[in-house]
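Peer 1: Pasting in a structure now, in structure tokens, and then I'll have a few things to ask.
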Amino acid sequence: MVVLKDLTKEELYAPGHRLCAGCGPSISIRMALKAARGPIAAVNATGCVEVSTTIFPYTAWRIPWIHALFENTAAVASGLEYAYDALEKRGARKGKVDIIAIGGDGGTFDIGIQALSGMLERGHDIVYLCYDNEAYMNTGIQRSGATPRGAATTTTPAGRVIPGKREWKKDFAGICAAHGISYVATASIGFFSDYMDKMKKAIEVDGPAVIHVLTPCPLGWRSNPADTIKLAKVAVQTGLFPIYEVINGKYKMSMKPGTLLPIEEYFKLQGRFSHLLKPELKDELEAIKKGAEANYKRILGLAGEPVTTQ
Amino acid sequence: MYRKKGKFTGEGVIPYSGEGSTVTIEGAAVCTQTGCAYTGNEAVAYAAKQCNVDVVSAYPITPQTIIVERFSEYVANGEVDTKFLAVESEHSAMSACVGASLGGARVFTSTASQGLALMHEVLYLASGLRCPIVMAVVNRALSAPINIHGDQSDMMGSRDCGWIQLFAENAQESYDLTIQAFKIAEDKGVHLPVSVNLDGFTVSHATESMKACADEDVHKFLPPRESLFKVDPTTPISVGGMALPEYYYEFKRQQEEALQLSKLFVNRVGKEYGKMTGRRYGYLRTYGLEDADAAVISLGSTCGNVRSVARTLRAKGKKVGAIKLWMYRPFPREELFSAIKDLKALAVMDRAISFGAPQGALCSDIAATLLNTGSDIKILNMIYGLGGRDIPPSTINTVFTDTLRAAKTGKVKERINYLDVRE
């Protein structure tokens with residue numbers, strides 16, 4: 001298990017980039033690179049992390065890094081992996097390079113899912129890291145397939161008739177696991193040791209692996225930048241974002257939170273859910289509670305745990 | 001360094017001498033070649049095989065599929081070391097090519113029509129990131145209505161994507177240009193992607209006799225790729241970062257300079273290839289222009305028909321000529337002008353409609369070539385062969401008749417002529 005004192009002091013992800021104070025995605029990248037086992041190269045989808053870390057002529061990346069487009073990260077990474085293999089075969093380069101493909105939830109759940117599915121199906125030795133801040137934050141907080149039900153975004157505003165997003169979050173880990181790959185995990189930057197352990201496992205897997213990490217966004221979630229880590233914890237503790245692994249198809253809970261915290265504890269820290277705490281929307285709040293509980297129980301069931309939230 | 005202009009010497013304009021396609025080059029030590037019969041697609045696949053490509057990433061589409069199938073057979077039979085990436089779309093095919101090319105590999109792909117259209121945004125990425133990818137485009141019509149046959153709407157829709165664009169007339173040229181394309185693309189003075197275009201079915205599926213070089217001669221001509229830069233832990237660079245208004249324009253200006261300068265390399269490689277094979281390539285090939293009043297310019301397979309009709313007419317004493325454009329981008333403006341400046345009339349064959357534009361794309365380029373030159377050449381624009389409609393010699397004959405009339409009268413009747421269409 002990763003413990004603080006064992007962490008490398010080497011910062012492959014340099015300070016001085018232009019991401020927001022309290023940016024969850026930024027924290028997730030720094031932690032991920034600290035979990036590297038050796039030479040590493042990254043392919044990064046268009047999104048907050050990409051635009052804010054490589055504004056020419058600066059870069060925050062002390063590793064080889066490519067940004068291509070929004071939806072093709074998994075395909076570019078596939079090509080890079082094959083290039084390293086081919087060059088090694090003809091004696092033009094030496095040594096294993098761990099490739100990580102990085103995308104936000106929009107670039108992964110939505111526009112990039114075809115390329116990702118192809119990468120998983122073909123079995124490339126690549127770690128796909130999805131940092132999930134639950135909307136298109138870079139373009140101004142629009143809903144994605146990862147935005148949870150009830151959240152207000154600029155394309156699912158909390159209006160007089162429609163109280164925020166109506167649809168549930170996509171079961172991304174389930175979709176990835178259905179490709180029959182050997183390692184999928186959900187994680188949260190609120191539990192750094194668990195997250196980095198999972199990154200290490202993902203890198204060690206021979207073949208594709210997927211990490212889906214929850215990364216709060218103070219701008220889009222309308223939360224206090226100082227609460228980023230707290231939010232990342234409470235999301236897990238309320239059962240809204242269960243963290244688990246799927247190892248060769250077998251689900252394993254990473255944490256049994258015992259009694260779940262009421263989801264109001266999570267909602268009250270964020271502006272995007274504030275409308276749901278109004279008395280007139282108590283039915284919607286109830287529906288979300290029920291849905292979240294059912295999802296949590298579903299995962300518990302898949303993991304072979306006693307199905308209870310008490 | 002970007003201001004260094006290539007001085008125009010008239011190079012790269014290759015006249016046909018006599019009937020054959022062979023250009024005799026003095027002092028050339030022509031390599032031993034084997035006569036063979038290949039379709040255009042097979043010729044391209046065979047050329048890519050001989051070029052020792054590191055990574056091929058492709059997706060099937062008619063009429064390009066056979067290139068991918070042949071190459072898969074080479075891989076399956078262990079005849080090549082290439083890593084073959086059979087992706088889930090053309091968008092991913094070109095994306096994987098970009099990743100592999102940035103990793104330092106020699107990269108090849110092929111597509112057609114909708115596939116090229118789906119790649120569109122990635123084409124700009126490949127040129128903007130200076131990836132020397134080689135792609136065969138088997139030119140095919142675009143939907144709607146769906147049609148699998150040949151025309152050049154696909155590449156014309158991508159003509160501004162920053163690639164070097166070459167057009168082949170037949171299987172032999174498809175083979176020759178594919179080999180040259182790698183050498184041009186990967187030259188450290190170029191570092192740009194190259195497309196080799198061959199007409200769907202007319203070239204891609206027609207079996208023709210051609211000559212192929214021995215593997216070792218191709219290997220000598222084209223050593224393994226050495227990249228100017230690569231994404232590798234030994235050189236941890238960031239590629240594809242964000243350029244805001246303070247820098248973006250400079251990137252694009254330099255890219256244009258690189259593409260314009262690349263023509264010098266296209267010609268140099270054409271000459272070198274000519275020394276090896278006896279088949280000299282350049283920007284364009286002319287027939288009968290030394291005394292012609294009227295000529296027809298075209299791209300791809302139509303050039304053969306045009307030349308054949310021109311030959312018949314010349315035998316009857318008509319002063320006609322033909323021009324085949326091998327290199328469409330960068331557009332060889334000075335060289336083309338030097339070839340056509342003494343003509344009285346020129347018919348421009350466009351196998352695509354540039355919707356809403358004053359003319360077809362090639363015709364617009366030729367009009368721009370003549371701009372501010374004081375030239376009074378009469379230009380006739382012919383749109384033809386869309387969706388695989390046949391272009392028989394009788395139609396070409398009509399084109400020559402119209403062009404000769406314009407040369408004689410100094411008058412052009414129609415701004416655009418849509419050939420052989422029911423209206």
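Residues in the structure tokens are numbered from 1 in each chain, the chains being A, B, ... in the order shown, and ligands are numbered from 1 in the order shown.
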Could you please select, counting only C-alpha atoms, the residues of chain A within 7 Å of chain B and state them as number ranges by chain?
Peer 2: A: 39-41, 51, 54-56, 59, 61-68, 72, 75-80, 82-84, 86-87, 115, 118
Peer 1: Using the chain letters and numbers from this document, which residues of range 36-285 of chain A does DSSP assign to helix (DSSP H, G or I), as a ChimeraX atom specification?
Peer 2: /A:48-53,73-89,105-110,113-122,172-177,192-204,218-221,225-237,264-267,271-277,279-285
Peer 1: Rank nothing, just name the residue among A:Lys282, A:Arg272, A:Lys169, A:Lys94 nearest to Leu219 in chain A, using only C-alpha atoms.
Peer 2: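 Residue with the minimum atom-to-atom distance to Leu219 in chain A: A:Arg272.
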Peer 1: Near Leu284 in chain B, counting only C-alpha atoms, which residues have an atom at most 6 Å away, once you skip same-chain residues fewer than 5 positions from it, shown as an MDAnalysis selection string?
Peer 2: chainID B and resid 13 324:326
Peer 1: Within 12 Å of Leu362 in chain B, counting only C-alpha atoms, which residues qualify if same-chain residues fewer than 4 places away don't, as a ChimeraX atom specification?
Peer 2: /B:152-153,155-157,159,297-299,325,327-329,331-333,347-354,357-358,366-369,379-383
Peer 1: Give me the residues within 12 Å of Asn295 in chain A as a ChimeraX atom specification, counting only C-alpha atoms and dropping any in the same chain fewer than 4 places off.
Peer 2: /A:168-171,174,238-242,288-291,299-302,307-309
Peer 1: Leaving out Ser262 in chain B and any residue of its chain fewer than 6 positions from it, which residues lie within 8 Å of it when counting only C-alpha atoms, given as a list in words?
Peer 2: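 Listed by chain and then number, they are Ile164, Ile184, Gly189, Val190 and Pro330 of chain B.
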Peer 1: Mind pulling up the distance from CA of Gln180 in chain B to CA of His219 in chain B?
Peer 2: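 The value is 11.9 Å.
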Peer 1: Excluding Thr62 in chain B and any residue of its chain fewer than 3 positions from it, enumerate the residues within 9 Å of it, using only C-alpha atoms, and give them as a list in words.
Peer 2: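 Contacts, in chain order: Thr65, Ile66, Thr111, Ala112, Ser113, Val138, Arg140, Ile148, His149 and Gly200 of chain B.
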Peer 1: Considering only strand (DSSP E or B) as DSSP defines it on the backbone, what residues of range 24-249 of chain B qualify? List them as a count of residues only.
Peer 2: 46
